[in-house]
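Structure data follow from query15.txt (compact mmCIF, C-alpha atoms):
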```txt
# COMPACT_ATOMS: atom_id res chain seq x y z
CA MET E 1 112.37 102.39 134.12
CA SER E 2 108.61 102.66 134.65
CA GLN E 3 106.22 103.59 131.86
CA GLN E 4 104.80 106.36 134.07
CA THR E 5 108.07 108.23 134.54
CA PHE E 6 109.76 107.58 131.19
CA ASN E 7 109.42 110.37 128.64
CA PRO E 8 110.60 109.23 125.18
CA THR E 9 111.11 112.80 124.00
CA GLN E 10 113.40 113.68 126.92
CA GLU E 11 115.54 110.61 127.58
CA LEU E 12 116.68 107.37 126.02
CA SER E 13 115.33 104.05 127.21
CA GLU E 14 117.90 101.77 128.80
CA GLU E 15 117.87 99.30 125.89
CA VAL E 16 118.24 102.07 123.33
CA GLU E 17 121.07 103.74 125.23
CA ALA E 18 122.92 100.42 125.25
CA ASN E 19 122.57 99.88 121.50
CA ARG E 20 122.24 103.18 119.68
CA LYS E 21 124.20 106.41 119.43
CA ALA E 22 123.37 109.36 117.19
CA ASP E 23 126.15 110.99 115.17
CA HIS E 24 124.57 114.41 115.83
CA PRO E 25 122.10 115.78 118.41
CA ILE E 26 118.48 114.74 117.78
CA ASN E 27 115.38 114.37 119.90
CA PRO E 28 115.45 111.04 121.79
CA LEU E 29 112.11 110.09 120.24
CA PHE E 30 113.82 109.15 116.97
CA LEU E 31 116.21 106.75 118.70
CA ASN E 32 113.61 105.35 121.10
CA ARG E 33 111.43 104.22 118.22
CA TRP E 34 112.50 100.75 117.17
CA SER E 35 110.78 97.61 115.92
CA PRO E 36 110.43 94.83 118.51
CA ARG E 37 109.04 91.42 117.68
CA SER E 38 107.75 90.73 121.19
CA TYR E 39 104.16 91.66 122.02
CA SER E 40 102.23 91.31 125.25
CA ASP E 41 98.55 90.38 125.45
CA ARG E 42 97.67 93.85 126.74
CA VAL E 43 94.76 95.31 124.78
CA VAL E 44 95.31 98.46 122.72
CA SER E 45 92.48 100.86 123.51
CA GLU E 46 90.35 102.27 120.71
CA GLU E 47 91.39 105.75 121.81
CA ASP E 48 95.10 104.96 121.45
CA LEU E 49 94.58 103.23 118.12
CA LEU E 50 92.74 106.25 116.75
CA THR E 51 95.41 108.59 118.10
CA VAL E 52 98.09 106.62 116.24
CA LEU E 53 96.07 106.77 113.02
CA GLU E 54 95.29 110.46 113.54
CA ALA E 55 99.02 111.22 113.59
CA ALA E 56 99.40 109.34 110.31
CA ARG E 57 96.53 111.36 108.82
CA TRP E 58 98.59 114.54 109.16
CA ALA E 59 101.58 113.27 107.17
CA PRO E 60 102.63 115.44 104.21
CA SER E 61 101.67 114.36 100.70
CA ALA E 62 101.98 115.67 97.15
CA ARG E 63 99.07 118.00 96.31
CA ASN E 64 97.64 116.96 99.68
CA GLY E 65 96.52 113.80 97.93
CA GLN E 66 96.56 111.71 101.14
CA PRO E 67 96.79 108.38 99.28
CA TRP E 68 97.11 106.24 102.43
CA ARG E 69 94.45 103.82 103.66
CA PHE E 70 94.52 101.74 106.86
CA VAL E 71 92.80 98.35 106.88
CA LEU E 72 92.41 97.32 110.52
CA ALA E 73 92.34 93.89 112.14
CA LYS E 74 91.26 93.98 115.80
CA THR E 75 88.86 91.09 116.31
CA GLU E 76 90.09 87.51 116.43
CA GLU E 77 88.37 86.76 113.12
CA GLN E 78 89.98 89.76 111.44
CA LEU E 79 93.38 88.98 112.94
CA GLN E 80 93.26 85.40 111.71
CA THR E 81 92.55 86.60 108.17
CA PHE E 82 95.58 88.90 108.33
CA ARG E 83 97.81 86.26 109.93
CA GLU E 84 97.16 83.89 107.06
CA LEU E 85 98.61 86.49 104.68
CA VAL E 86 101.94 86.65 106.55
CA LEU E 87 104.74 84.29 105.57
CA PRO E 88 105.45 81.54 108.15
CA SER E 89 108.79 82.93 109.37
CA ASN E 90 107.14 86.18 110.44
CA ARG E 91 104.12 84.46 111.95
CA LEU E 92 106.46 83.12 114.63
CA TRP E 93 106.17 86.56 116.25
CA ALA E 94 103.43 88.47 114.40
CA ASP E 95 100.68 86.15 115.63
CA GLN E 96 101.10 87.69 119.09
CA ALA E 97 100.32 91.28 118.03
CA PRO E 98 96.88 92.43 119.22
CA VAL E 99 96.37 94.77 116.24
CA LEU E 100 97.44 94.38 112.61
CA ILE E 101 97.14 97.18 110.08
CA ALA E 102 97.43 96.73 106.33
CA LEU E 103 98.88 99.94 104.90
CA ALA E 104 97.69 100.62 101.37
CA SER E 105 97.76 103.56 98.99
CA TYR E 106 95.61 104.89 96.19
CA LYS E 107 97.71 104.91 93.03
CA LEU E 108 95.86 107.63 91.13
CA TRP E 109 95.06 111.32 91.37
CA ASP E 110 91.42 112.33 91.62
CA ASP E 111 91.37 112.87 87.85
CA GLY E 112 92.41 109.24 87.27
CA GLN E 113 96.00 109.99 86.26
CA PRO E 114 98.81 107.95 87.87
CA ASN E 115 100.24 109.40 91.07
CA ARG E 116 103.90 108.46 91.11
CA PHE E 117 104.24 109.75 94.69
CA HIS E 118 101.62 107.50 96.28
CA ALA E 119 104.07 105.06 97.86
CA PHE E 120 106.45 107.82 98.97
CA ASP E 121 103.65 109.74 100.67
CA THR E 122 102.25 106.64 102.33
CA ALA E 123 105.68 105.91 103.76
CA ALA E 124 105.51 109.31 105.47
CA ALA E 125 102.21 108.25 107.06
CA TRP E 126 103.86 105.04 108.31
CA GLN E 127 106.64 107.06 109.94
CA ALA E 128 104.15 109.34 111.66
CA LEU E 129 102.15 106.35 112.85
CA ALA E 130 105.24 104.66 114.26
CA LEU E 131 106.45 107.76 116.11
CA GLN E 132 103.05 108.47 117.65
CA ALA E 133 102.82 104.85 118.75
CA SER E 134 106.19 105.19 120.45
CA LEU E 135 105.00 108.30 122.28
CA LEU E 136 102.10 106.25 123.67
CA GLY E 137 104.38 103.44 124.82
CA LEU E 138 103.30 101.19 121.95
CA SER E 139 105.52 99.18 119.63
CA THR E 140 105.22 98.78 115.87
CA ARG E 141 106.93 96.58 113.34
CA ALA E 142 106.35 96.60 109.58
CA ILE E 143 105.91 93.25 107.85
CA ALA E 144 106.92 93.21 104.20
CA SER E 145 106.96 89.41 103.91
CA PHE E 146 103.33 88.70 103.13
CA ASP E 147 101.42 87.35 100.14
CA GLN E 148 100.33 90.46 98.25
CA GLU E 149 98.07 88.68 95.81
CA LYS E 150 96.37 86.75 98.58
CA ALA E 151 96.00 90.01 100.51
CA ARG E 152 94.33 91.66 97.54
CA THR E 153 91.73 88.90 97.44
CA ALA E 154 91.24 88.42 101.19
CA LEU E 155 90.90 92.15 101.90
CA ASN E 156 88.90 92.98 98.75
CA VAL E 157 91.54 95.51 97.67
CA PRO E 158 90.47 97.44 94.53
CA ASP E 159 92.79 97.36 91.52
CA ASP E 160 93.76 101.01 91.90
CA TYR E 161 95.20 100.46 95.38
CA GLU E 162 98.49 98.87 96.41
CA VAL E 163 99.10 97.13 99.74
CA HIS E 164 102.60 97.92 100.96
CA LEU E 165 102.91 96.55 104.49
CA ILE E 166 101.17 94.85 107.34
CA ILE E 167 101.99 96.70 110.56
CA ALA E 168 102.01 94.94 113.92
CA LEU E 169 100.90 97.21 116.77
CA GLY E 170 100.82 96.52 120.49
CA TYR E 171 102.64 96.77 123.80
CA LYS E 172 106.12 95.31 123.94
CA GLY E 173 106.34 91.94 125.61
CA ASP E 174 109.18 90.19 127.38
CA ALA E 175 112.16 89.64 125.08
CA GLY E 176 112.43 86.08 126.32
CA SER E 177 108.98 85.30 124.95
CA VAL E 178 110.10 85.79 121.35
CA HIS E 179 110.65 82.66 119.28
CA GLU E 180 114.23 81.43 119.61
CA ASN E 181 114.91 82.24 115.94
CA TYR E 182 114.62 85.94 116.77
CA ARG E 183 115.68 86.21 120.40
CA GLU E 184 119.18 87.54 119.71
CA LEU E 185 117.72 90.16 117.38
CA GLU E 186 115.29 91.51 119.98
CA LYS E 187 117.11 94.77 120.61
CA PRO E 188 117.39 98.18 118.93
CA ASN E 189 119.60 98.01 115.85
CA GLY E 190 121.99 100.65 114.58
CA ARG E 191 122.40 102.67 111.40
CA ARG E 192 125.33 103.35 109.10
CA SER E 193 127.14 106.63 109.65
CA LEU E 194 125.32 109.71 108.39
CA SER E 195 128.37 110.63 106.31
CA ASP E 196 127.89 107.43 104.31
CA SER E 197 124.48 108.67 103.16
CA ILE E 198 125.42 112.24 102.20
CA ILE E 199 126.45 113.14 98.66
CA GLU E 200 127.87 116.63 98.23
CA GLY E 201 126.56 118.28 95.08
CA LYS E 202 126.51 115.16 92.91
CA TRP E 203 127.86 111.63 92.77
CA ALA E 204 131.54 111.35 91.97
CA GLU E 205 132.47 110.37 88.43
CA PRO E 206 133.06 106.62 88.13
CA GLN E 207 136.67 105.60 88.12
CA ALA E 208 138.05 104.57 84.71
```
Written form, structure tokens:
Amino acid sequence: MSQQTFNPTQELSEEVEANRKADHPINPLFLNRWSPRSYSDRVVSEEDLLTVLEAARWAPSARNGQPWRFVLAKTEEQLQTFRELVLPSNRLWADQAPVLIALASYKLWDDGQPNRFHAFDTAAAWQALALQASLLGLSTRAIASFDQEKARTALNVPDDYEVHLIIALGYKGDAGSVHENYRELEKPNGRRSLSDSIIEGKWAEPQA
């Protein structure tokens, strides 16, 4: 299916259709977004990168606090700094990504009081970023396995910010190019049934 004719909001990609099925009708965009580990060497344009970040900018947040910050690595020097923060098992694939983004959040309100919603709101920005990337034919994958303390030092992160993730961004590569440790995982994964996540009214009383 060519990139030119495929519309992720109107139809499912072949690989998604083979591996995912919604319990209830939803826009195909939500199923088409998944997290590959394969990345090609195709350059991500500045325009597309800014479009992805612009979508994240419009995420909802408590009091419109907008706690998210995006630390970008695009040059080879910047990318190498970020790669050295990632644990070795993830570097087997993450080193191929042409853009890495450290997603951080400001932990305080403007008056200096703690903002207990900062991580929650920043997660909404990550979702918006990932969906917009998918609309542009780009892939994203969040990396949680990185050295947070080393990241704080290497990226000069102030004490009142928290780094949550490093996001790989780029065009999907050939699945066969992924390191053998991950090759069988290079496909869209599923989700538990919606009914398993719904609680009517309140949790049931524990059994005696």
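With distances taken over all atoms listed in the file, E:Leu85 is the one residue among E:Leu85, E:Leu29, E:Val44, E:Ile199 lying closest to Thr153 (chain E).
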For this session: Name the closest residue to Arg183 (chain E) among the candidates E:Ile198, E:Leu92, E:Ala142, E:Val16; distances are taken between atoms, counting only C-alpha atoms.
Result: E:Leu92
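When only C-alpha atoms are used to compute distances to Phe117 (chain E), the closest of the residues E:Pro67, E:Ala204, E:Ser177, E:Ser13 turns out to be E:Pro67.
The nearest approach to Tyr182 (chain E) among the residues E:Ile167, E:Ala56, E:Ala94, E:Leu72, with all atoms listed in the file taken into account, belongs to E:Ala94.
Taking only C-alpha atoms into account, Thr140 (chain E) lies nearest to E:Arg33 out of the set E:Arg33, E:Arg116, E:Lys21, E:Lys107.
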For this session: Could you tell me how far CA of Leu169 (chain E) lies from CA of Leu138 (chain E), in Å and to one decimal?
Result: 7.0 Å
Would you mind listing, for every residue of region 74-141 of chain E within 7 Å of region 36-39 of chain E, the two atoms forming the shortest contact and the distance between them in Å to one decimal, using only C-alpha atoms, sorted by chain and ascending residue number, as a Markdown table?
```
| residue | atom | partner | partner_atom | distance |
| --- | --- | --- | --- | --- |
| E:Trp93 | CA | E:Arg37 | CA | 5.8 |
| E:Gln96 | CA | E:Tyr39 | CA | 5.8 |
| E:Ala97 | CA | E:Tyr39 | CA | 5.6 |
| E:Ser139 | CA | E:Pro36 | CA | 6.7 |
| E:Arg141 | CA | E:Pro36 | CA | 6.5 |
```
Problem set entry | Which of E:Glu11, E:Asp160, E:Asp147, E:Asn181 sits closest to Ala102 (chain E) [using all atoms listed in the file] | E:Asp147
Problem set entry | Pairwise distance for CA of Leu136 (chain E) and CA of Asp48 (chain E), rounded to one decimal in Å | 7.5 Å
Can you sort out the box for region 147-156 of chain E, edges along x, y and z, all listed atoms in, 4 Å on every side, with centre and edge lengths in Å to one decimal, as JSON?
```
{"center_x": 95.2, "center_y": 89.9, "center_z": 98.9, "size_x": 20.5, "size_y": 14.2, "size_z": 14.1}
```
Problem set entry | Near-Ser193 (chain E) list (9 Å; only C-alpha atoms; drop same-chain fewer than 4 positions) as a list in words | Ala22, Asp23 and Ser197 of chain E
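Between CA of Leu50 (chain E) and CA of Tyr171 (chain E) the interatomic distance comes to 15.4 Å.
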For this session: May I have the protein, DNA and RNA residues with any atom at most 10 Å from the point (111.6, 109.1, 123.6), counting only C-alpha atoms, written as a VMD selection string?
Result: chain E and resid 6 to 13 16 27 to 33 131 134 to 137
Exercise. Quick one: residues within 12 Å of Glu46 (chain E), all atoms listed in the file counted, chain neighbours fewer than 2 positions away excluded, as a ChimeraX atom specification?
Worked result: /E:43-44,48-54,72,74,98-99,170
Problem set entry | Selection near region 86-91 of chain E, 7 Å with only C-alpha atoms, sequence-local residues under 4 positions removed, as an MDAnalysis selection string | chainID E and resid 82 95 145:147
